[in-house]
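Containing compact mmCIF, C-alpha atoms: coords.txt.
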# COMPACT_ATOMS: atom_id res chain seq x y z
CA MET S 479 0.00 0.00 0.00
CA SER S 480 1.27 3.46 -0.90
CA ASP S 481 1.90 6.11 1.79
CA GLN S 482 -0.86 8.16 0.29
CA PRO S 483 -4.34 7.50 -0.96
CA ARG S 484 -5.02 7.80 -4.66
CA ILE S 485 -5.80 11.38 -5.65
CA LEU S 486 -8.73 12.46 -7.79
CA TYR S 487 -8.91 16.04 -8.96
CA CYS S 488 -12.15 17.63 -10.24
CA HIS S 489 -11.64 20.49 -12.68
CA CYS S 490 -15.13 21.87 -11.99
CA ALA S 491 -15.85 23.05 -15.51
CA PHE S 492 -18.60 25.45 -16.56
CA ALA S 493 -18.57 27.64 -13.45
CA GLN S 494 -16.05 29.91 -11.82
CA VAL S 495 -16.79 28.70 -8.33
CA ILE S 496 -13.28 27.38 -7.85
CA PRO S 497 -10.76 30.12 -8.60
CA LYS S 498 -8.77 29.49 -11.75
CA ASP S 499 -5.46 30.06 -9.99
CA VAL S 500 -6.33 27.41 -7.42
CA LYS S 501 -7.16 24.84 -10.09
CA GLN S 502 -4.10 25.69 -12.16
CA GLY S 503 -1.83 25.70 -9.12
CA VAL S 504 -3.09 22.36 -7.86
CA LEU S 505 -2.84 20.73 -11.27
CA GLU S 506 0.71 21.93 -11.84
CA GLN S 507 1.88 21.00 -8.37
CA LEU S 508 0.31 17.56 -8.56
CA GLY S 509 2.02 17.02 -11.90
CA ALA S 510 5.36 18.10 -10.45
CA ALA S 511 4.95 15.90 -7.36
CA GLY S 512 5.96 12.78 -9.23
CA ILE S 513 2.86 10.84 -8.27
CA GLU S 514 0.15 9.11 -10.23
CA PHE S 515 -3.26 10.74 -10.07
CA ASP S 516 -6.53 11.10 -11.90
CA CYS S 517 -8.38 14.18 -13.09
CA VAL S 518 -11.98 14.49 -14.20
CA PRO S 519 -13.53 17.41 -16.06
CA ASP S 520 -16.56 17.86 -13.81
CA LEU S 521 -18.09 15.61 -11.17
CA CYS S 522 -21.49 17.29 -11.61
CA GLU S 523 -21.51 16.41 -15.29
CA MET S 524 -20.41 12.85 -14.53
CA SER S 525 -23.17 12.49 -11.96
CA ALA S 526 -25.81 13.71 -14.39
CA ASN S 527 -24.46 11.34 -17.05
CA ARG S 528 -24.27 8.37 -14.64
CA ASP S 529 -20.65 8.03 -15.77
CA PRO S 530 -19.43 4.49 -14.96
CA LEU S 531 -16.17 6.01 -13.76
CA LEU S 532 -18.01 7.14 -10.63
CA GLN S 533 -18.52 3.51 -9.72
CA GLN S 534 -14.80 2.85 -10.00
CA ILE S 535 -14.10 5.84 -7.78
CA ALA S 536 -16.73 4.87 -5.23
CA GLU S 537 -15.33 1.35 -5.00
CA ASN S 538 -11.99 2.68 -3.75
CA PRO S 539 -12.22 3.97 -0.17
CA ASP S 540 -8.51 4.82 -0.21
CA ILE S 541 -8.92 8.06 -2.09
CA ARG S 542 -8.62 11.81 -1.66
CA ILE S 543 -10.86 13.93 -3.82
CA ALA S 544 -9.97 17.54 -4.57
CA ALA S 545 -13.26 19.15 -5.47
CA CYS S 546 -15.77 21.30 -3.62
CA TYR S 547 -17.92 21.00 -0.49
CA PRO S 548 -17.94 17.43 0.85
CA ARG S 549 -21.71 17.45 1.32
CA ALA S 550 -22.13 18.29 -2.37
CA VAL S 551 -19.59 15.71 -3.54
CA HIS S 552 -21.25 12.96 -1.53
CA GLY S 553 -24.61 14.06 -2.91
CA LEU S 554 -23.35 13.84 -6.48
CA PHE S 555 -22.21 10.25 -5.98
CA VAL S 556 -25.50 9.32 -4.32
CA ALA S 557 -27.41 10.97 -7.16
CA ALA S 558 -25.54 8.79 -9.62
CA GLY S 559 -26.42 5.69 -7.63
CA GLN S 560 -22.80 5.18 -6.57
CA PRO S 561 -22.50 6.43 -3.00
CA LEU S 562 -19.01 6.87 -1.64
CA PRO S 563 -18.09 4.54 1.23
CA LEU S 564 -19.00 5.71 4.71
CA ALA S 565 -15.40 5.63 5.84
CA GLY S 566 -12.28 6.30 3.88
CA PRO S 567 -12.61 8.90 1.16
CA GLU S 568 -11.39 12.35 2.08
CA ILE S 569 -12.74 15.37 0.29
CA ILE S 570 -10.61 18.46 -0.01
CA ASN S 571 -12.56 21.63 -0.70
CA MET S 572 -10.89 23.83 -3.29
CA ARG S 573 -13.64 26.42 -2.88
CA THR S 574 -12.31 27.36 0.53
CA LEU S 575 -8.62 26.47 0.30
CA ASN S 576 -5.91 28.00 -1.82
CA ALA S 577 -3.61 25.92 -3.99
CA ALA S 578 -0.94 25.51 -1.33
CA GLU S 579 -3.45 24.48 1.34
CA THR S 580 -5.11 22.07 -1.06
CA MET S 581 -1.78 20.48 -1.92
CA GLU S 582 -0.88 20.18 1.74
CA ALA S 583 -4.12 18.36 2.42
CA LEU S 584 -3.74 16.13 -0.62
CA MET S 585 -0.14 15.17 0.05
CA LYS S 586 -0.35 14.49 3.77
CA PRO S 587 0.82 11.03 4.73
CA ARG S 588 -2.02 8.70 5.58
CA GLU S 589 -1.38 8.78 9.36
CA ALA S 590 -1.47 12.55 9.55
CA SER S 591 -4.83 12.74 7.90
CA ALA S 592 -6.51 10.14 10.07
CA GLY S 593 -7.58 12.75 12.57
CA ILE S 594 -9.27 14.99 10.04
CA GLN S 595 -11.67 12.39 8.85
CA ILE S 596 -14.68 13.82 7.32
CA HIS S 597 -17.61 14.64 9.47
CA GLU S 598 -19.44 15.05 6.20
CA ASN S 599 -19.44 11.27 5.84
CA GLU S 600 -22.46 11.25 8.04
CA PHE S 601 -24.19 12.63 4.98
CA LEU S 602 -24.16 9.20 3.48
CA GLU S 603 -27.44 7.78 4.27
CA THR S 604 -27.46 5.59 1.25
CA SER S 605 -30.45 6.00 -0.91
CA ASP S 606 -31.20 4.04 -4.00
CA VAL S 607 -33.10 6.90 -5.50
CA GLY S 608 -30.18 8.06 -7.58
CA ALA S 609 -29.76 5.33 -10.11
CA ASP S 610 -33.05 3.63 -10.54
CA ARG S 611 -35.11 6.19 -12.32
CA THR S 612 -38.47 5.74 -13.70
CA MET Q 1038 -33.76 7.49 -17.73
CA ILE Q 1039 -30.31 8.73 -18.66
CA ALA Q 1040 -28.15 6.03 -20.19
CA PRO Q 1041 -24.73 5.76 -18.55
CA LYS Q 1042 -22.11 7.37 -20.69
CA VAL Q 1043 -18.55 6.12 -21.05
CA THR Q 1044 -16.02 8.83 -21.78
CA PRO Q 1045 -12.57 7.95 -23.11
CA ARG Q 1046 -9.66 8.74 -20.86
CA VAL Q 1047 -6.34 10.32 -21.82
CA VAL Q 1048 -3.30 8.95 -20.00
CA LEU Q 1049 -0.18 11.08 -19.88
CA TYR Q 1050 2.54 8.49 -19.44
CA GLU Q 1051 5.77 9.46 -17.72
CA GLY Q 1052 7.07 6.03 -16.78
CA ASP Q 1053 10.37 4.29 -17.47
CA SER Q 1054 10.03 4.26 -21.20
CA ALA Q 1055 9.10 7.91 -21.62
CA ALA Q 1056 10.82 11.19 -20.86
CA PRO Q 1057 8.96 13.42 -18.36
CA LEU Q 1058 6.81 16.22 -19.69
CA GLU Q 1059 7.94 19.75 -19.00
CA SER Q 1060 6.07 21.09 -15.97
CA SER Q 1061 4.13 24.01 -17.43
CA PHE Q 1062 3.51 22.05 -20.65
CA ARG Q 1063 2.02 19.22 -18.59
CA GLY Q 1064 -0.20 21.65 -16.67
CA GLN Q 1065 -1.47 23.35 -19.80
CA LEU Q 1066 -2.03 20.05 -21.58
CA MET Q 1067 -4.01 18.61 -18.66
CA THR Q 1068 -6.14 21.76 -18.47
CA LYS Q 1069 -6.90 21.76 -22.19
CA ILE Q 1070 -7.81 18.07 -22.26
CA LEU Q 1071 -10.05 18.46 -19.21
CA GLU Q 1072 -11.73 21.45 -20.85
CA ARG Q 1073 -12.50 19.19 -23.80
CA GLY Q 1074 -14.38 16.90 -21.42
CA PHE Q 1075 -11.97 13.98 -21.09
CA PRO Q 1076 -10.64 12.53 -17.85
CA VAL Q 1077 -6.85 12.56 -17.55
CA THR Q 1078 -4.56 10.20 -15.66
CA ILE Q 1079 -0.93 10.88 -14.94
CA ALA Q 1080 0.81 7.50 -15.08
CA ARG Q 1081 4.30 6.77 -13.86
CA SER Q 1082 4.15 3.02 -14.32
CA ASP Q 1083 2.77 0.47 -16.77
CA ARG Q 1084 0.17 -0.45 -14.14
CA GLN Q 1085 -1.86 2.59 -15.14
CA LEU Q 1086 -1.80 1.80 -18.81
CA GLY Q 1087 -4.76 -0.41 -18.46
CA SER Q 1088 -5.70 -3.65 -16.85
CA PRO Q 1089 -7.53 -5.91 -19.22
CA GLY Q 1090 -10.84 -7.50 -18.60
CA SER Q 1091 -12.58 -4.77 -16.68
CA PRO Q 1092 -16.10 -4.69 -18.08
CA GLY Q 1093 -17.09 -1.34 -19.44
CA ARG Q 1094 -13.60 0.03 -18.98
CA GLU Q 1095 -13.30 3.24 -20.91
CA PRO Q 1096 -11.13 3.41 -24.02
CA ARG Q 1097 -7.81 5.01 -23.37
CA MET Q 1098 -5.39 7.10 -25.32
CA VAL Q 1099 -1.84 7.06 -23.96
CA LEU Q 1100 0.38 10.01 -24.76
CA GLY Q 1101 4.05 10.14 -23.89
CA ASN Q 1102 7.49 11.33 -24.89
CA PHE Q 1103 8.39 7.88 -26.17
CA SER Q 1104 11.15 9.12 -28.52
CA GLY Q 1105 10.00 6.82 -31.25
CA LYS Q 1106 9.91 3.66 -29.15
CA LEU Q 1107 6.55 2.75 -27.63
CA PRO Q 1108 6.56 0.85 -24.31
CA PRO Q 1109 5.88 -2.91 -24.29
CA ALA Q 1110 2.37 -2.25 -23.00
CA ALA Q 1111 1.54 -0.78 -26.40
CA ASP Q 1112 1.54 -4.33 -27.77
CA SER Q 1113 -0.74 -5.68 -25.04
CA THR Q 1114 -4.20 -6.62 -26.01
CA GLU Q 1115 -7.42 -7.35 -24.23
CA THR Q 1116 -9.41 -10.38 -25.11
CA ALA Q 1117 -10.31 -10.74 -28.77
CA GLY Q 1118 -7.16 -8.93 -29.80
CA LYS Q 1119 -8.47 -5.49 -28.89
CA PRO Q 1120 -5.63 -3.13 -27.93
CA LEU Q 1121 -5.54 -2.06 -24.29
CA ALA Q 1122 -5.06 1.48 -25.34
CA GLU Q 1123 -4.02 3.60 -28.25
CA PHE Q 1124 -0.48 4.90 -27.81
CA ARG Q 1125 0.79 8.09 -29.39
CA ASP Q 1126 4.31 9.42 -29.28
CA ILE Q 1127 4.19 13.17 -28.68
CA SER Q 1128 7.95 13.74 -28.62
CA GLY Q 1129 8.79 17.14 -30.03
CA LEU Q 1130 5.16 18.20 -30.51
CA ASP Q 1131 3.98 21.54 -29.18
CA LEU Q 1132 0.74 22.00 -27.23
CA GLU Q 1133 -1.45 22.66 -30.26
CA ALA Q 1134 -0.06 19.66 -32.11
CA VAL Q 1135 -0.74 17.36 -29.17
CA LEU Q 1136 -4.27 18.70 -28.85
CA SER Q 1137 -4.79 18.07 -32.55
CA VAL Q 1138 -3.86 14.45 -31.96
CA VAL Q 1139 -6.42 14.24 -29.15
CA ASP Q 1140 -9.12 16.02 -31.15
CA GLU Q 1141 -8.52 13.94 -34.25
CA ARG Q 1142 -8.97 10.73 -32.32
CA LEU Q 1143 -11.48 11.58 -29.59
CA ALA Q 1144 -13.54 14.61 -30.59
CA ASP Q 1145 -16.31 12.46 -32.04
CA THR Q 1146 -16.70 10.54 -28.79
CA ILE Q 1147 -18.30 13.40 -26.88
CA ASP Q 1148 -21.75 14.82 -27.44
CA ALA Q 1149 -20.80 18.44 -27.93
CA PRO Q 1150 -17.59 20.39 -28.39
CA SER Q 1151 -16.24 22.23 -25.37
CA GLY Q 1152 -18.02 25.53 -24.97
CA LYS Q 1153 -21.28 24.05 -26.19
CA ARG Q 1154 -21.72 21.43 -23.50
CA TRP Q 1155 -24.68 21.61 -21.15
CA LYS Q 1156 -23.76 23.32 -17.92
CA PRO Q 1157 -24.60 20.62 -15.40
CA TRP Q 1158 -26.90 22.66 -13.21
CA PHE Q 1159 -29.41 20.57 -11.31
CA PRO Q 1160 -30.54 19.96 -7.74
CA VAL Q 1161 -28.66 17.46 -5.61
CA ILE Q 1162 -30.57 16.12 -2.65
CA ASP Q 1163 -28.99 15.61 0.75
CA PHE Q 1164 -30.93 12.51 1.76
CA SER Q 1165 -29.67 12.75 5.33
CA ARG Q 1166 -31.87 15.86 5.63
CA CYS Q 1167 -34.66 15.23 3.16
CA THR Q 1168 -37.97 14.22 4.70
CA ASN Q 1169 -39.69 13.54 1.37
CA CYS Q 1170 -42.19 16.30 2.03
CA MET Q 1171 -42.51 16.84 -1.73
CA GLN Q 1172 -42.44 20.63 -1.48
CA CYS Q 1173 -39.81 20.68 -4.23
CA LEU Q 1174 -41.90 18.46 -6.47
CA SER Q 1175 -44.94 20.66 -5.88
CA PHE Q 1176 -42.97 23.80 -6.53
CA CYS Q 1177 -41.01 22.96 -9.68
CA LEU Q 1178 -42.84 23.79 -12.89
CA PHE Q 1179 -40.30 22.07 -15.09
CA ASP Q 1180 -40.68 18.40 -14.11
CA VAL Q 1181 -37.17 18.20 -12.72
CA TYR Q 1182 -38.45 16.20 -9.77
CA GLY Q 1183 -40.37 12.97 -9.66
CA ALA Q 1184 -41.03 10.20 -7.19
CA THR Q 1185 -39.88 6.61 -7.02
CA SER Q 1186 -42.39 3.78 -6.99
CA ASP Q 1187 -42.33 3.87 -3.20
CA GLY Q 1188 -43.02 7.57 -3.05
CA LYS Q 1189 -39.53 8.95 -2.45
CA ILE Q 1190 -38.35 12.16 -4.03
CA GLN Q 1191 -36.01 11.82 -6.97
CA VAL Q 1192 -34.34 14.17 -9.40
CA GLN Q 1193 -35.49 12.72 -12.70
CA ASN Q 1194 -34.87 15.30 -15.38
CA GLU Q 1195 -31.69 17.19 -14.60
CA SER Q 1196 -31.49 18.88 -17.96
CA ASN Q 1197 -34.96 20.42 -17.48
CA CYS Q 1198 -33.54 22.53 -14.64
CA LYS Q 1199 -33.15 26.22 -15.37
CA THR Q 1200 -29.48 27.13 -15.31
CA ASP Q 1201 -28.46 29.26 -12.32
CA CYS Q 1202 -31.94 29.10 -10.77
CA PRO Q 1203 -31.80 27.80 -7.18
CA ALA Q 1204 -35.45 28.56 -6.34
CA CYS Q 1205 -36.47 25.04 -5.29
CA SER Q 1206 -33.64 24.90 -2.77
CA ARG Q 1207 -35.06 27.99 -1.15
CA VAL Q 1208 -38.46 26.44 -0.64
CA CYS Q 1209 -37.03 23.30 0.95
CA PRO Q 1210 -37.82 23.47 4.66
CA GLU Q 1211 -34.96 21.08 5.51
CA VAL Q 1212 -32.10 22.79 3.62
CA ALA Q 1213 -31.76 19.49 1.80
CA ILE Q 1214 -31.40 20.72 -1.77
CA MET Q 1215 -27.99 21.69 -3.04
CA PHE Q 1216 -26.75 23.19 -6.26
CA PRO Q 1217 -23.00 22.49 -6.13
CA LYS Q 1218 -22.19 25.26 -8.58
CA TYR Q 1219 -24.16 27.91 -6.69
CA LYS Q 1220 -22.20 30.86 -5.36
CA ALA Q 1221 -23.19 30.73 -1.69
CA GLY Q 1222 -23.88 28.38 1.15
CA PRO Q 1223 -25.62 26.35 2.23
CA ILE Q 1224 -27.10 25.84 -1.25
CA ASN Q 1225 -23.63 25.13 -2.62
CA GLY Q 1226 -23.19 22.27 -0.14
CA ASP Q 1227 -21.49 24.28 2.57
CA GLU Q 1228 -22.14 23.34 6.17
CA ILE Q 1229 -25.56 24.28 7.47
CA SER Q 1230 -25.60 26.69 10.36
CA SER Q 1231 -28.29 26.96 13.00
CA ASP Q 1232 -29.23 30.29 11.41
CA ASP Q 1233 -29.79 28.52 8.11
CA VAL Q 1234 -32.04 25.97 9.78
CA ARG Q 1235 -34.02 28.69 11.52
CA ARG Q 1236 -34.36 30.63 8.31
CA GLU Q 1237 -35.46 27.54 6.43
CA GLY Q 1238 -37.92 26.74 9.19
CA MET Q 1239 -39.51 30.08 8.48
CA LYS Q 1240 -39.67 29.04 4.87
CA VAL Q 1241 -42.31 26.49 5.70
CA ASP Q 1242 -44.54 29.51 5.70
CA ILE Q 1243 -42.77 31.03 2.77
CA SER Q 1244 -43.00 27.79 0.85
CA ALA Q 1245 -46.70 27.73 1.51
CA LEU Q 1246 -46.64 31.18 0.05
CA LEU Q 1247 -44.63 29.94 -2.89
CA GLY Q 1248 -46.54 26.73 -3.35
CA GLY Q 1249 -49.80 28.51 -3.27
CA ASP Q 1250 -49.58 32.23 -3.22
CA ILE Q 1251 -47.11 32.86 -5.96
CA TYR Q 1252 -49.19 30.82 -8.30
CA ALA Q 1253 -52.31 32.23 -6.71
CA MET Q 1254 -50.90 35.69 -7.23
CA LEU Q 1255 -50.16 34.86 -10.84
CA ARG Q 1256 -53.64 33.40 -11.27
CA ASP Q 1257 -55.20 36.43 -9.64
CA ARG Q 1258 -53.26 38.75 -11.84
CA SER Q 1259 -54.13 36.55 -14.78
CA ALA Q 1260 -57.82 36.81 -13.97
CA LYS Q 1261 -57.57 40.57 -13.66
CA ALA Q 1262 -55.55 40.76 -16.84
CA GLN Q 1263 -58.00 38.57 -18.70
CA SER Q 1264 -60.86 40.69 -17.53
CA ARG Q 1265 -59.07 43.78 -18.71
CA PHE Q 1266 -57.92 42.21 -21.97
CA SER Q 1267 -61.43 40.98 -22.69
CA LYS Q 1268 -62.40 44.61 -22.76
CA GLU Q 1269 -59.40 45.73 -24.64
CA ARG Q 1270 -57.28 43.10 -26.37
CA ASP Q 1271 -54.12 44.85 -27.26
CA ASP Q 1272 -50.80 43.05 -27.72
CA GLU Q 1273 -48.69 45.95 -26.63
CA ARG Q 1274 -50.72 46.42 -23.49
CA ALA Q 1275 -50.59 42.70 -22.78
CA LEU Q 1276 -46.83 42.79 -23.08
CA LYS Q 1277 -46.62 45.73 -20.70
CA GLU Q 1278 -48.87 43.95 -18.24
CA ARG Q 1279 -46.76 40.82 -18.39
CA GLN Q 1280 -43.62 42.86 -17.78
CA ARG Q 1281 -45.31 44.62 -14.87
CA CYS Q 1282 -46.27 41.25 -13.38
CA LEU Q 1283 -42.73 40.01 -13.76
CA ASP Q 1284 -41.31 43.14 -12.17
CA LYS Q 1285 -43.74 42.71 -9.31
CA LEU Q 1286 -42.81 39.06 -9.03
CA LYS Q 1287 -39.13 39.94 -9.00
CA THR Q 1288 -39.73 42.42 -6.22
CA THR Q 1289 -41.78 39.91 -4.27
CA VAL Q 1290 -39.53 36.90 -4.69
CA GLY Q 1291 -36.27 38.68 -5.30
CA ASN Q 1292 -34.56 36.75 -2.54
CA LEU Q 1293 -35.12 33.55 -4.49
CA ASP Q 1294 -32.29 34.64 -6.76
CA VAL Q 1295 -34.20 33.46 -9.80
CA PRO Q 1296 -32.44 34.68 -12.94
CA ALA Q 1297 -34.34 37.21 -15.01
CA GLU Q 1298 -34.14 34.86 -18.02
CA VAL Q 1299 -36.05 32.24 -16.06
CA LEU Q 1300 -38.70 34.69 -14.94
CA SER Q 1301 -39.15 36.04 -18.42
CA SER Q 1302 -39.41 32.55 -19.88
CA LEU Q 1303 -42.10 31.38 -17.49
CA PRO Q 1304 -45.02 29.84 -19.33
CA SER Q 1305 -48.33 31.63 -19.62
CA PHE Q 1306 -50.47 32.04 -16.53
CA ASP Q 1307 -52.81 29.29 -17.64
CA GLN Q 1308 -49.93 26.95 -18.33
CA ILE Q 1309 -48.44 27.76 -14.94
CA GLN Q 1310 -51.73 26.89 -13.33
CA ILE Q 1311 -51.91 23.57 -15.16
CA LYS Q 1312 -48.29 22.71 -14.40
CA ALA Q 1313 -48.65 23.68 -10.76
CA ASP Q 1314 -51.76 21.54 -10.42
CA GLN Q 1315 -50.04 18.60 -12.08
CA ALA Q 1316 -46.99 18.94 -9.86
CA ARG Q 1317 -49.14 19.20 -6.76
CA GLN Q 1318 -51.05 16.11 -7.83
CA ARG Q 1319 -47.85 14.12 -8.31
CA ALA Q 1320 -46.64 15.25 -4.90
CA GLN Q 1321 -49.89 14.15 -3.30
CA GLN Q 1322 -49.64 10.77 -5.01
CA ALA Q 1323 -46.10 10.35 -3.72
CA LEU Q 1324 -47.17 11.27 -0.19
CA ALA Q 1325 -50.03 8.79 -0.42
CA GLN Q 1326 -47.56 6.11 -1.53
CA GLN Q 1327 -45.35 6.93 1.42
CA ALA Q 1328 -48.32 6.62 3.77
CA ALA Q 1329 -49.30 3.31 2.20
CA GLN Q 1330 -45.73 2.02 2.65
CA LYS Q 1331 -45.82 2.91 6.32
CA THR Q 1332 -49.03 1.03 6.93
CA GLN Q 1333 -47.72 -2.12 5.26

Let's see the structure in the file written out as structure tokens.
Amino acid sequence: MSDQPRILYCHCAFAQVIPKDVKQGVLEQLGAAGIEFDCVPDLCEMSANRDPLLQQIAENPDIRIAACYPRAVHGLFVAAGQPLPLAGPEIINMRTLNAAETMEALMKPREASAGIQIHENEFLETSDVGADRT
Amino acid sequence: MIAPKVTPRVVLYEGDSAAPLESSFRGQLMTKILERGFPVTIARSDRQLGSPGSPGREPRMVLGNFSGKLPPAADSTETAGKPLAEFRDISGLDLEAVLSVVDERLADTIDAPSGKRWKPWFPVIDFSRCTNCMQCLSFCLFDVYGATSDGKIQVQNESNCKTDCPACSRVCPEVAIMFPKYKAGPINGDEISSDDVRREGMKVDISALLGGDIYAMLRDRSAKAQSRFSKERDDERALKERQRCLDKLKTTVGNLDVPAEVLSSLPSFDQIQIKADQARQRAQQALAQQAAQKTQ
């Protein structure tokens, strides 16, 4: 097992809610960090499209997601019928952190992050209403 | 129902058999590919080049500074001889040339070119707060909401939602409706403060106002307008009256933050009445289903 969880970065297209310099800074610093990571264009779009990639993401509890508010991110996965696990995934909010703070949170060794586990996980009252539409 | 969509992924390979990409070039390339709507993976080992046999695994395009010699993984195939991924050597290419390679191969795999894609604006329900009261279903005139067979609220038609309009979240008495791309909390998914809860509690009254009185107000104004127009049918006057109603509505419900485009594109008063009645009926059916479930 690696020292760090897998990192997923959401580019949050279409809206300026995450400052451009934060997104650019995080992307460049992740690229320069010598690690493997994944980027997606927009989690909202993926949720609306029921993108199968969300299932792959949700199946891996050992992940850090750089996106927006944890409550919203969890909701997007639930809406797609692929709720994130109750324990494990960490969500880093680029709407409130700058690039350096985001990178610090993303690159923390696993032990150091254990204490900041996400209270937002309590959001996950799994509902099957996301996927099975009529 | 929306069919699941598989989007190809672009892998930027910087493993043993490829020279690293220059830092700012990598950053710009990732940004441009993401803006085109494709996921990107930075791979430092062959492991990321694709594991065969995963059902529904997205097609992949692997780009790297291979200096003319593709890595052994380029010869790997999935079952039935299908390549694991398409490899392209981008040694010596500038940003535009690399993007041309991506566009040439993948542009036809997405529904719309970047810049013309639907802005994914739709309500996301926090089911830890939602009580399935169906206020949102009653309120929405655009059939965004529906109910499951057991009477639970469900967002069914995301693309019907009016871009940048968060009105339904403001009628939710439980602060359970989020629009992740909204500018402010708690609608954007930010933590909910006790003030928010108190304010939303007051909205039970406001939502009654919205569920009934806004439409009632529109109906009332419609009746008055019809009465007036029956005496004097004049297009210009009708237009002025409609604008006056909208201005009044904006003043009344200004705090809903409903975009002017949405207000001005509202259907006619009669259509609003029909839609509101239909929505209310569906909400009542869903509540009846919930009640029936409880008694079983």

With 6 Å as the cut-off and all atoms listed in the file counted, what is the closest atom pair between each nearby residue of chain S and chain Q? Distances in Å to one decimal, ordered by chain and number, as JSON lines.
{"residue": "S:Phe492", "atom": "CA", "partner": "Q:Lys1156", "partner_atom": "CA", "distance": 5.7}
{"residue": "S:Glu506", "atom": "CA", "partner": "Q:Gly1064", "partner_atom": "CA", "distance": 4.9}
{"residue": "S:Glu514", "atom": "CA", "partner": "Q:Ile1079", "partner_atom": "CA", "distance": 5.1}
{"residue": "S:Phe515", "atom": "CA", "partner": "Q:Ile1079", "partner_atom": "CA", "distance": 5.4}
{"residue": "S:Asp516", "atom": "CA", "partner": "Q:Thr1078", "partner_atom": "CA", "distance": 4.3}
{"residue": "S:Cys517", "atom": "CA", "partner": "Q:Val1077", "partner_atom": "CA", "distance": 5.0}
{"residue": "S:Val518", "atom": "CA", "partner": "Q:Pro1076", "partner_atom": "CA", "distance": 4.4}
{"residue": "S:Pro519", "atom": "CA", "partner": "Q:Leu1071", "partner_atom": "CA", "distance": 4.8}
{"residue": "S:Cys522", "atom": "CA", "partner": "Q:Pro1157", "partner_atom": "CA", "distance": 5.9}
{"residue": "S:Glu523", "atom": "CA", "partner": "Q:Pro1157", "partner_atom": "CA", "distance": 5.2}
{"residue": "S:Asn527", "atom": "CA", "partner": "Q:Pro1041", "partner_atom": "CA", "distance": 5.8}
{"residue": "S:Arg528", "atom": "CA", "partner": "Q:Pro1041", "partner_atom": "CA", "distance": 4.7}
{"residue": "S:Asp529", "atom": "CA", "partner": "Q:Lys1042", "partner_atom": "CA", "distance": 5.2}
{"residue": "S:Tyr547", "atom": "CA", "partner": "Q:Gly1226", "partner_atom": "CA", "distance": 5.4}
{"residue": "S:Arg549", "atom": "CA", "partner": "Q:Gly1226", "partner_atom": "CA", "distance": 5.2}
{"residue": "S:Ala550", "atom": "CA", "partner": "Q:Gly1226", "partner_atom": "CA", "distance": 4.7}
{"residue": "S:Gly553", "atom": "CA", "partner": "Q:Asp1163", "partner_atom": "CA", "distance": 5.9}
{"residue": "S:Phe601", "atom": "CA", "partner": "Q:Ser1165", "partner_atom": "CA", "distance": 5.5}
{"residue": "S:Glu603", "atom": "CA", "partner": "Q:Ser1165", "partner_atom": "CA", "distance": 5.5}
{"residue": "S:Val607", "atom": "CA", "partner": "Q:Gln1191", "partner_atom": "CA", "distance": 5.9}
{"residue": "S:Arg611", "atom": "CA", "partner": "Q:Met1038", "partner_atom": "CA", "distance": 5.7}

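Taking only C-alpha atoms into account, Ala1056 in chain Q lies nearest to Q:Ile1127 out of the set Q:Met1098, Q:Ile1127, Q:Val1135, Q:Ala1297.
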
Report summary line: From CA of Asp520 in chain S to CA of Ala491 in chain S the spacing works out at 5.5 Å

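Among the candidate residues Q:Gly1052, Q:Leu1300, Q:Leu1066, Q:Ala1323, the one lying nearest to Ile513 in chain S is Q:Gly1052, with distances computed using only C-alpha atoms.
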
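The spacing separating CA of Glu582 in chain S from CA of Val556 in chain S amounts to 27.6 Å.
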
Find the smallest box with edges along x, y and z containing every listed atom of range 513-531 of chain S, then add 6 Å on each side and report centre and edge lengths in Å to one decimal, as AutoDock Vina command-line options.
--center_x -11.5 --center_y 11.2 --center_z -12.7 --size_x 40.7 --size_y 25.4 --size_z 20.8

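Considering the residues Q:Tyr1182, Q:Gln1172, Q:Pro1045, Q:Asn1102 and counting all atoms listed in the file, Leu531 in chain S has its shortest atom-to-atom contact with Q:Pro1045.
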
Query raised in the report: What lies within 12 Å of Ala545 in chain S using all atoms listed in the file, ignoring chain neighbours under 6 positions off, as a ChimeraX atom specification?
Result: /S:485-491,495-497,500-501,504,517-522,551-552,554,568-575,577,580,584 /Q:1217-1218,1226

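Between CA of Arg1125 in chain Q and CA of Gly1101 in chain Q the interatomic distance comes to 6.7 Å.
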
Leaving out Glu537 in chain S and any residue of its chain fewer than 2 positions from it, which residues lie within 8 Å of it when counting only C-alpha atoms, given as a tab-separated table (two decimals) with C-alpha atoms, keeping the file's coordinate frame?
chain	number	residue	atom	x	y	z
S	533	GLN	CA	-18.52	3.51	-9.72
S	534	GLN	CA	-14.80	2.85	-10.00
S	535	ILE	CA	-14.10	5.84	-7.78
S	539	PRO	CA	-12.22	3.97	-0.17
S	562	LEU	CA	-19.01	6.87	-1.64
S	563	PRO	CA	-18.09	4.54	1.23

**Report entry** All residues 10 Å or closer to Asp481 in chain S, all atoms listed in the file, same chain fewer than 6 positions away omitted, as a ChimeraX atom specification
**Finding:** /S:585-589
